[in-house]
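Notes follow the structure.
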Amino acid sequence: MGLPLARPALVTGVTLSLMEALGDFGTVQYFAVDTFSAGIFRTWLGLGDPISAMHLSAMLLLAIAVLMVGERYARGAARFHHTSTRYRPLPSLALHGLGAFGAAVACALPILLGFVLPALALGIWALGEGGMGLAQFFTYARNTLTVAAPTAVLAVALAVLLGYGRRLGMGPAGRFAIRVAALGYAIPGAVIAVGVLVPVAAFDNAVDAWMRANVGLSTGLLLTGSLTALIFAYLVRILAVAFNTIEAGLDKVTPNMDAAARSLGRSPLDTLHRVHLPMMRASLTTAGLLVFVEVMKELPATLMMRPFNFDTLSVKAYELASDERLSEAALPALAIVLVGVLPVILMSRAIARSRPGSGAVAGE
């Protein structure tokens, strides 16, 4: 009974793990494992062959599409939501002896091996001799903040507009556009970079050719290698993270609030400003923080599209680690890890509070 009901969560977890594995670049590149992401990056920048990089990107997109469509087809018309408004508290099982010890070890090992020990090692390296200087660190941190902060603000604003538009009611075309916009997170950063660089470079070349022919001046590269193109690639890649969080926050607001505001003569935008946004402060903060962290650790898109001499924390950590300068790479890597822990804590607390039966039992 439990496993069939948990299928959406299990499938989501497995799918996200597969997407992360397909899109990972830094780890596979460091350990010299040939994957699609590493091949796209190497083909584009190492071999200077954008056509082959686009072919690899198309093959990876096809594999991702088959994976997602196959899961949706296998699910069919099945639904997994509650059919009752009466919730009972989740049952608890008290463990003793070896059972309690085994459960504690099973829960502690992933945290110990996946976070505590690596963070401890990074901290020791960062504080020891050969670590990165604070002046350098603050330079890379400032660059990271320069791209992460505006991306977070824009992503949250776009997610609010899309989510509220969907709440007000959209036609099939609008719903399809939102679904397409939310697919970006399933696409690796290297593929996003190729998809953005090709049209942006074509636009820059067309403008430069026209200016040369008609004005006699060269405009150079207006968008290619700029922060504007890089932030746009981030938005394509990470908008789904903000949209899903904002949509979940909007779903918690009863439609009766919209009806009451409209009956008082408030417009849809005024209702959003006065009713929904104040009630969604936690969702807005969580969405912005999630986007900020995703931008901090995004590597392949940043490597392929960043301006010259513009290194973020993730880029510098990757470059130093590739050169086996682990002590210098420790401080930026540790900063990314510590910032990344914040949304995990917030989301864990939110999930615990929102779990049916965790608080007051409805209907009793």
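Chain identifiers are assigned as A, B, and so on, following the order in which chains appear in the structure tokens; residues are numbered from 1 within each chain, and ligands are numbered from 1 in order of appearance.
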
Legend entry - For A:Phe243: contacts at 9 Å, only C-alpha atoms, fewer than 6 positions along chain excluded, given as a PyMOL selection string: chain A and resi 155-156+158-160+162-163+182+287

Writer output for current selection, N, CA and C atoms, as a short mmCIF file (atom, residue, chain, number, x, y, z; two decimals), in the first residue's frame:
data_model
loop_
_atom_site.label_atom_id
_atom_site.label_comp_id
_atom_site.auth_asym_id
_atom_site.auth_seq_id
_atom_site.Cartn_x
_atom_site.Cartn_y
_atom_site.Cartn_z
N ALA A 155 14.07 35.76 -11.56
CA ALA A 155 13.42 34.46 -11.59
C ALA A 155 12.18 34.45 -10.71
N VAL A 156 12.27 35.05 -9.52
CA VAL A 156 11.11 35.09 -8.63
C VAL A 156 10.00 35.95 -9.25
N LEU A 158 9.42 36.58 -12.48
CA LEU A 158 8.82 35.84 -13.59
C LEU A 158 7.97 34.68 -13.09
N ALA A 159 8.44 33.99 -12.06
CA ALA A 159 7.68 32.87 -11.51
C ALA A 159 6.36 33.34 -10.93
N VAL A 160 6.35 34.49 -10.26
CA VAL A 160 5.10 35.02 -9.71
C VAL A 160 4.13 35.35 -10.84
N LEU A 162 4.02 34.10 -13.91
CA LEU A 162 3.55 32.86 -14.55
C LEU A 162 2.59 32.10 -13.64
N GLY A 163 2.95 31.97 -12.38
CA GLY A 163 2.09 31.24 -11.46
C GLY A 163 0.75 31.92 -11.25
N ALA A 182 9.16 25.52 -17.81
CA ALA A 182 9.56 24.80 -16.60
C ALA A 182 10.44 23.59 -16.91
N ALA A 287 12.12 30.57 -2.72
CA ALA A 287 12.39 30.53 -4.16
C ALA A 287 13.63 31.34 -4.50
#

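Near A:Tyr318, within 9 Å and counting only C-alpha atoms, sit Gly26, Tyr30, Leu299, Ala329 and Ala333 of chain A; same-chain residues fewer than 6 positions away were not included.
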
Legend entry - helix (DSSP H, G or I) residues, from DSSP on the backbone, in stretch 7-212 of chain A, as a VMD selection string: chain A and resid 7 to 23 26 to 30 36 to 46 50 to 75 98 to 127 134 to 168 172 to 181 184 to 186 189 to 212
